[in-house]
There are 2 protein chains.
Amino acid sequence: MAIERKEDETTFVYDEVVRITGAGGSKPVLFDGREREKLARVAIGDVARLAEVAPITVSRALRNPEKVSADKRERILRAVEQTGYSVNPHASALKSGRSNVVLAFASNLMSEQFSSALKACAAVLEDAGYLFLVGQTSYSYERETAAIRSLHAMKPAAVMFTGVIELETNRELLRGLGIPIMETWALPRDPIDMLVGFSNTEAGRRAAEMLHRKGYRSVSYIGRRSGRGALRLQGFRRGCEALGLTFVGEHLIDDVNGVSDGRRLLAAALSQPVKPEALFCSNDVLALGCLMEARRLNIRIPDDLGILGFGESDIAAEIPPGLTTIGIDSALLGREAGEMLIASLSGTPPALNLKCLELIESERGSI
Amino acid sequence: MAIERKEDETTFVYDEVVRITGAGGSKPVLFDGREREKLARVAIGDVARLAEVAPITVSRALRNPEKVSADKRERILRAVEQTGYSVNPHASALKSGRSNVVLAFASNLMSEQFSSALKACAAVLEDAGYLFLVGQTSYSYERETAAIRSLHAMKPAAVMFTGVIELETNRELLRGLGIPIMETWALPRDPIDMLVGFSNTEAGRRAAEMLHRKGYRSVSYIGRRSGRGALRLQGFRRGCEALGLTFVGEHLIDDVNGVSDGRRLLAAALSQPVKPEALFCSNDVLALGCLMEARRLNIRIPDDLGILGFGESDIAAEIPPGLTTIGIDSALLGREAGEMLIASLSGTPPALNLKCLELIESERGSI
DNA sequence: TTGTAAGCGTTATCAG
DNA sequence: CTGATAACGCTTACAA
């Protein structure tokens, strides 16, 4: 392939993408003329006819192979291969009220923490044969409600949230689903069903403790106004009070869209008449923004200003002087949640419906 | 609430999570005794009975309100509110062969680039009334095949991939679905259906050009062995050749799991008898790892070693001396893909089924 | 504009 | 162990 410059919108340097034609993990499918046309419509009846059994036997052979005699089972599996049949999950779910889809809803798809939890959870559930799909609620009650409403009819095998459901009507709706519900990322007394979380209030208190231990005397808070942000702030303020730390101010935001929000909030914190000696940022992305903005302003960290982050971010650790954080192991959270869900899905309700994760202090250079 | 230390596994500092009981975006649902029991089973017939119309009229009132008289429509909507009814998507999909779910599959849930594209795409599709769900293929043909197989029966409204499908059998399977298919992130000549991408080959060539322009004479490559990594490597090698840059070596990896992979590959690159003057890392995460490891080893960047990244990462830009990258605007990619999908879903096939994004060079300090 | 009838593809139930 | 039958909740096609 010649390397050519793109001259205008219609002259592309195409990628010569490899095409793999061998059996590459996919079961072979027979094609030819009409066959291809019908491909999308192989139903259980076709397989049954080919295998010379009743449809219900095909169904059984695929769900409970041990309940079908070996010879029929073999004939059926062969017919499945030949036709490329796969169960229509809508029909299956409609009739049985069950599906093999586990739905997870993240407040934000772009959060490193949520992603890593979801990825770990996905790994566990996919290994157990479930299809793990992730939706987004965008920290919006409306979206959350819409999602839960559709859930209500979609009847997935289980649902998970990167958070705790606050709207009473939604909690009620979820209870009505009759499927395992996993809430995470906080420690309410009354989870809907199952919970793998940690105490945000305690995290805030620990943040105060860390700053106090380092000798800071006055501090401000930067974070989200509602939800877990509010919990961390609550714990932080009470911690400050208990330790005699001066709480200078709080700089809140409704929704975090990127590091620029952190930059802006740092500026706000520094424009106060009384400046804090240190900052607790209850959110990774905001902390990152503060760190960047501080460097841009030639504020020496931690000498001029201490910054304590929340979330145990790998990457923030690498931005000089390294963000000191308090947080959790989010991959562990995901794994635990996945395992608890599987236990619940397999009929054996887990011994504990609640798991509380340890908070992790990661000392880097920023306080 | 008292702040208490966690003494043992059973003593938690609970979060006093807010519960919102008012109408907070959720439509009110009537509960009482048996009602609650049946909550999960409100079907179209129940609504029809309450509104004193036939089920089909309810269906129409919800899908094509203009085809139902105003008074009945109102009665029906009121009945829907009262019962908390929502359409059973399985029954709907089973009968109509359509659904309002758009499925996206990401190679990796934890990629900043993919997340931002998916988030942007989700925003577009959710505004148009679709439920946007994301699954993961983990850069694995097997998982991809499994995902596509389930798709094949699940019949979502449309599907999107953060990549291009390479297995011919899977391409065939997808064509058979008869729904809009969006491939992204590369520029093959023969997309299955629609494509919003860019040329990885050209990106590699441009990387060579950037390094050459900065005066480097010998370079190595770090990246994934297959897929787009291979394409970028191809373009890079050819670019080097064309410009007279000495290509010292390539350091490949099958699957990127984190920055530590980058650290390891940097070490590999530096342990060669002939050391390159600069490195092209065809992946953000790997580039980040290289940058970190170089700092740890006190290798001065860019004086001792130049590092050029791929992907336009916000965060890598902030790690001193700032990663210079070539990449794309992934949010733009997501938005364009979403809009093209909507055009296709609304029956008006988009004028163009292919969109090629500009490559963006972001000069920071690392070369 | 509204309704009737039929069936989408699967699985629960129960009889053999 | 196997199969006949009915039904899941909805929407298409057609009729009124």
# chains A, B, ... in the order shown; residues from 1 in each chain; ligands from 1
>>> residues_around(residues="stretch 113-125 of chain A", least_positions_apart="6", cutoff="9 Å", atoms="only C-alpha atoms (C1' of nucleotides)", output="number ranges by chain")
A: 102, 104, 106-107, 131-134, 162, 284, 311-313, 329-339, 341-342; B: 108-111, 115, 135-136
>>> select_by_dssp(residues="stretch 60-153 of chain A", states="strand (DSSP E or B)", output="list in words")
Val101, Val102, Leu103, Ala104, Phe105, Ala106, Leu131, Phe132, Leu133, Val134, Gly135 and Gln136 of chain A
>>> write_last_selection(atoms="N, CA and C atoms", output="CSV table (one decimal), in the first residue's frame")
chain,number,residue,atom,x,y,z
A,101,VAL,N,-29.0,-11.6,31.0
A,101,VAL,CA,-28.3,-10.3,31.0
A,101,VAL,C,-28.3,-9.7,32.4
A,102,VAL,N,-27.1,-9.3,32.8
A,102,VAL,CA,-27.0,-8.5,34.0
A,102,VAL,C,-26.7,-7.1,33.6
A,103,LEU,N,-27.5,-6.2,34.1
A,103,LEU,CA,-27.4,-4.8,33.8
A,103,LEU,C,-26.7,-4.0,34.9
A,104,ALA,N,-25.8,-3.1,34.5
A,104,ALA,CA,-25.1,-2.3,35.5
A,104,ALA,C,-25.4,-0.8,35.1
A,105,PHE,N,-25.6,0.0,36.0
A,105,PHE,CA,-25.7,1.4,35.6
A,105,PHE,C,-24.7,2.2,36.4
A,106,ALA,N,-23.9,2.9,35.6
A,106,ALA,CA,-22.8,3.8,36.2
A,106,ALA,C,-23.3,5.2,36.2
A,131,LEU,N,-24.3,-12.1,30.3
A,131,LEU,CA,-24.0,-11.0,29.4
A,131,LEU,C,-24.1,-9.7,30.3
A,132,PHE,N,-23.0,-9.0,30.5
A,132,PHE,CA,-22.9,-7.9,31.4
A,132,PHE,C,-23.0,-6.6,30.5
A,133,LEU,N,-24.0,-5.8,30.7
A,133,LEU,CA,-24.1,-4.6,29.9
A,133,LEU,C,-24.2,-3.4,30.8
A,134,VAL,N,-23.6,-2.3,30.4
A,134,VAL,CA,-23.5,-1.1,31.2
A,134,VAL,C,-24.3,0.0,30.6
A,135,GLY,N,-25.1,0.7,31.4
A,135,GLY,CA,-25.8,1.9,31.0
A,135,GLY,C,-25.3,3.1,31.9
A,136,GLN,N,-25.8,4.2,31.6
A,136,GLN,CA,-25.3,5.4,32.2
A,136,GLN,C,-26.5,6.2,32.8
>>> residues_around(residues="stretch 344-358 of chain A", least_positions_apart="5", cutoff="7 Å", atoms="only C-alpha atoms (C1' of nucleotides)", output="list in words")
Pro180, Met194, Leu195, Val196, Gly197, Phe198 and Ile328 of chain A
>>> residues_around(residues="stretch 78-94 of chain B", least_positions_apart="2", cutoff="6 Å", atoms="only C-alpha atoms (C1' of nucleotides)", output="PyMOL selection string")
(chain A and resi 90+94+153-154) or (chain B and resi 29+42+47+51+75-76+96-99) or (chain C and resi 8) or (chain D and resi 9-10)
>>> write_last_selection(atoms="N, CA and C atoms (P, O5', C5', C4', C3', O3' and C1' of nucleotides)", output="PDB file, in the first residue's frame")
ATOM      1  N   HIS A  90     -35.472 -12.756  23.687  1.00  0.00           N
ATOM      2  CA  HIS A  90     -36.747 -12.082  23.973  1.00  0.00           C
ATOM      3  C   HIS A  90     -37.835 -13.107  24.245  1.00  0.00           C
ATOM      4  N   LEU A  94     -39.515 -13.596  27.714  1.00  0.00           N
ATOM      5  CA  LEU A  94     -40.959 -13.369  27.774  1.00  0.00           C
ATOM      6  C   LEU A  94     -41.647 -14.535  28.455  1.00  0.00           C
ATOM      7  N   ALA A 153     -39.501  -3.716  33.072  1.00  0.00           N
ATOM      8  CA  ALA A 153     -40.131  -4.576  32.082  1.00  0.00           C
ATOM      9  C   ALA A 153     -39.110  -5.513  31.461  1.00  0.00           C
ATOM     10  N   MET A 154     -37.863  -5.077  31.414  1.00  0.00           N
ATOM     11  CA  MET A 154     -36.844  -5.858  30.727  1.00  0.00           C
ATOM     12  C   MET A 154     -36.439  -7.088  31.518  1.00  0.00           C
TER      13      MET A 154
ATOM     14  N   VAL B  29     -46.473   6.198  41.670  1.00  0.00           N
ATOM     15  CA  VAL B  29     -46.999   4.848  41.505  1.00  0.00           C
ATOM     16  C   VAL B  29     -47.894   4.553  42.690  1.00  0.00           C
ATOM     17  N   VAL B  42     -47.809  -5.435  35.551  1.00  0.00           N
ATOM     18  CA  VAL B  42     -48.775  -4.592  34.862  1.00  0.00           C
ATOM     19  C   VAL B  42     -48.564  -4.785  33.367  1.00  0.00           C
ATOM     20  N   VAL B  47     -53.818  -1.792  31.548  1.00  0.00           N
ATOM     21  CA  VAL B  47     -53.963  -0.379  31.191  1.00  0.00           C
ATOM     22  C   VAL B  47     -55.200  -0.201  30.319  1.00  0.00           C
ATOM     23  N   ALA B  51     -58.467   2.082  31.050  1.00  0.00           N
ATOM     24  CA  ALA B  51     -58.802   3.199  30.157  1.00  0.00           C
ATOM     25  C   ALA B  51     -60.019   2.879  29.302  1.00  0.00           C
ATOM     26  N   ARG B  75     -57.043   9.435  28.420  1.00  0.00           N
ATOM     27  CA  ARG B  75     -57.453   8.369  29.346  1.00  0.00           C
ATOM     28  C   ARG B  75     -56.342   7.337  29.482  1.00  0.00           C
ATOM     29  N   ILE B  76     -55.775   6.990  28.344  1.00  0.00           N
ATOM     30  CA  ILE B  76     -54.739   5.956  28.338  1.00  0.00           C
ATOM     31  C   ILE B  76     -53.507   6.413  29.104  1.00  0.00           C
ATOM     32  N   SER B  96     -42.309  -7.473  17.079  1.00  0.00           N
ATOM     33  CA  SER B  96     -41.989  -6.519  16.020  1.00  0.00           C
ATOM     34  C   SER B  96     -40.615  -6.722  15.409  1.00  0.00           C
ATOM     35  N   GLY B  97     -39.783  -7.471  16.099  1.00  0.00           N
ATOM     36  CA  GLY B  97     -38.430  -7.641  15.614  1.00  0.00           C
ATOM     37  C   GLY B  97     -37.565  -6.409  15.824  1.00  0.00           C
ATOM     38  N   ARG B  98     -38.088  -5.447  16.551  1.00  0.00           N
ATOM     39  CA  ARG B  98     -37.339  -4.213  16.816  1.00  0.00           C
ATOM     40  C   ARG B  98     -37.208  -3.999  18.312  1.00  0.00           C
ATOM     41  N   SER B  99     -36.273  -3.174  18.721  1.00  0.00           N
ATOM     42  CA  SER B  99     -36.243  -2.752  20.110  1.00  0.00           C
ATOM     43  C   SER B  99     -35.656  -1.353  20.183  1.00  0.00           C
TER      44      SER B  99
ATOM     45  P    DC C   8     -45.573 -17.424  13.990  1.00  0.00           P
ATOM     46  O5'  DC C   8     -44.298 -16.576  14.429  1.00  0.00           O
ATOM     47  C5'  DC C   8     -44.016 -15.286  13.875  1.00  0.00           C
ATOM     48  C4'  DC C   8     -43.343 -14.455  14.949  1.00  0.00           C
ATOM     49  C3'  DC C   8     -42.370 -15.268  15.801  1.00  0.00           C
ATOM     50  O3'  DC C   8     -41.064 -15.129  15.248  1.00  0.00           O
ATOM     51  C1'  DC C   8     -43.781 -13.828  17.153  1.00  0.00           C
TER      52       DC C   8
ATOM     53  P    DG D   9     -47.601 -11.548  31.048  1.00  0.00           P
ATOM     54  O5'  DG D   9     -47.443 -10.494  29.868  1.00  0.00           O
ATOM     55  C5'  DG D   9     -46.167  -9.945  29.605  1.00  0.00           C
ATOM     56  C4'  DG D   9     -46.213  -9.220  28.287  1.00  0.00           C
ATOM     57  C3'  DG D   9     -47.317  -8.172  28.176  1.00  0.00           C
ATOM     58  O3'  DG D   9     -46.685  -6.968  27.835  1.00  0.00           O
ATOM     59  C1'  DG D   9     -47.290  -9.562  26.273  1.00  0.00           C
ATOM     60  P    DC D  10     -47.436  -5.648  27.467  1.00  0.00           P
ATOM     61  O5'  DC D  10     -47.294  -5.642  25.882  1.00  0.00           O
ATOM     62  C5'  DC D  10     -46.003  -5.468  25.316  1.00  0.00           C
ATOM     63  C4'  DC D  10     -45.991  -5.981  23.901  1.00  0.00           C
ATOM     64  C3'  DC D  10     -46.672  -5.077  22.898  1.00  0.00           C
ATOM     65  O3'  DC D  10     -45.663  -4.267  22.303  1.00  0.00           O
ATOM     66  C1'  DC D  10     -47.140  -7.411  22.524  1.00  0.00           C
TER      67       DC D  10
END
>>> interface_residues(of="chain D", to="chain A", cutoff="10 Å", atoms="only C-alpha atoms (C1' of nucleotides)", output="number ranges by chain")
D: 1-4, 7-9
>>> interface_residues(of="chain C", to="chain A", cutoff="12 Å", atoms="only C-alpha atoms (C1' of nucleotides)", output="mmCIF file with N, CA and C atoms (P, O5', C5', C4', C3', O3' and C1' of nucleotides), in the first residue's frame")
data_model
loop_
_atom_site.group_PDB
_atom_site.id
_atom_site.type_symbol
_atom_site.label_atom_id
_atom_site.label_comp_id
_atom_site.auth_asym_id
_atom_site.auth_seq_id
_atom_site.Cartn_x
_atom_site.Cartn_y
_atom_site.Cartn_z
ATOM 1 P P DC C 8 -45.573 -17.424 13.990
ATOM 2 O "O5'" DC C 8 -44.298 -16.576 14.429
ATOM 3 C "C5'" DC C 8 -44.016 -15.286 13.875
ATOM 4 C "C4'" DC C 8 -43.343 -14.455 14.949
ATOM 5 C "C3'" DC C 8 -42.370 -15.268 15.801
ATOM 6 O "O3'" DC C 8 -41.064 -15.129 15.248
ATOM 7 C "C1'" DC C 8 -43.781 -13.828 17.153
ATOM 8 P P DG C 9 -40.286 -16.452 14.793
ATOM 9 O "O5'" DG C 9 -39.790 -17.031 16.193
ATOM 10 C "C5'" DG C 9 -38.856 -16.282 16.943
ATOM 11 C "C4'" DG C 9 -38.743 -16.913 18.317
ATOM 12 C "C3'" DG C 9 -38.324 -18.383 18.284
ATOM 13 O "O3'" DG C 9 -37.215 -18.505 19.154
ATOM 14 C "C1'" DG C 9 -40.243 -18.081 19.642
ATOM 15 P P DT C 10 -36.538 -19.881 19.490
ATOM 16 O "O5'" DT C 10 -37.091 -20.121 20.950
ATOM 17 C "C5'" DT C 10 -36.681 -19.242 21.973
ATOM 18 C "C4'" DT C 10 -37.620 -19.318 23.141
ATOM 19 C "C3'" DT C 10 -37.506 -20.579 23.977
ATOM 20 O "O3'" DT C 10 -36.637 -20.265 25.076
ATOM 21 C "C1'" DT C 10 -39.788 -19.842 23.690
ATOM 22 P P DT C 11 -36.189 -21.468 26.010
ATOM 23 O "O5'" DT C 11 -37.457 -21.644 26.970
ATOM 24 C "C5'" DT C 11 -37.752 -20.627 27.913
ATOM 25 C "C4'" DT C 11 -39.016 -21.005 28.642
ATOM 26 C "C3'" DT C 11 -38.897 -22.254 29.509
ATOM 27 O "O3'" DT C 11 -39.665 -21.991 30.665
ATOM 28 C "C1'" DT C 11 -40.663 -22.528 28.007
ATOM 29 P P DA C 12 -39.331 -22.762 32.016
ATOM 30 O "O5'" DA C 12 -40.759 -22.884 32.732
ATOM 31 C "C5'" DA C 12 -41.635 -21.767 32.782
ATOM 32 C "C4'" DA C 12 -43.029 -22.243 33.161
ATOM 33 C "C3'" DA C 12 -43.089 -23.349 34.209
ATOM 34 O "O3'" DA C 12 -44.216 -23.103 35.052
ATOM 35 C "C1'" DA C 12 -43.970 -24.153 32.149
#
>>> select_by_dssp(residues="stretch 137-266 of chain A", states="alpha helix (DSSP H)", output="VMD selection string")
chain A and resid 141 to 154 168 to 175 200 to 213 227 to 243 259 to 266
>>> closest_residue(among="B:Val17, B:Met340, B:Ile326, B:Val219", to="chain A", atoms="only C-alpha atoms")
B:Val17
>>> residues_around(residues="stretch 255-266 of chain A", least_positions_apart="5", cutoff="7 Å", atoms="only C-alpha atoms (C1' of nucleotides)", output="PyMOL selection string")
chain A and resi 222+224+285-290+293
>>> closest_residue(among="A:Lys155, A:Arg19, A:Arg49, A:Arg296", to="chain B", atoms="only C-alpha atoms")
A:Arg19
>>> residues_around(residues="A:Tyr14", least_positions_apart="6", cutoff="7 Å", atoms="only C-alpha atoms (C1' of nucleotides)", output="CSV table (one decimal) with N, CA and C atoms, in the first residue's frame")
chain,number,residue,atom,x,y,z
B,187,LEU,N,-10.1,2.8,9.3
B,187,LEU,CA,-10.7,3.2,8.0
B,187,LEU,C,-10.5,2.1,7.0
B,188,PRO,N,-11.3,1.0,7.1
B,188,PRO,CA,-11.2,0.0,6.2
B,188,PRO,C,-12.0,0.4,4.9
B,189,ARG,N,-11.7,-0.2,3.8
B,189,ARG,CA,-12.3,0.1,2.6
B,189,ARG,C,-13.8,-0.4,2.5
B,199,SER,N,-7.6,7.0,9.8
B,199,SER,CA,-6.6,6.1,9.3
B,199,SER,C,-5.5,5.9,10.3
>>> closest_residue(among="A:Arg63, A:Arg232, A:Lys72, A:Lys214", to="chain B", atoms="only C-alpha atoms")
A:Arg232
>>> closest_residue(among="A:Ile360, A:Met292, A:Ile181, A:Val248", to="chain B", atoms="only C-alpha atoms")
A:Met292
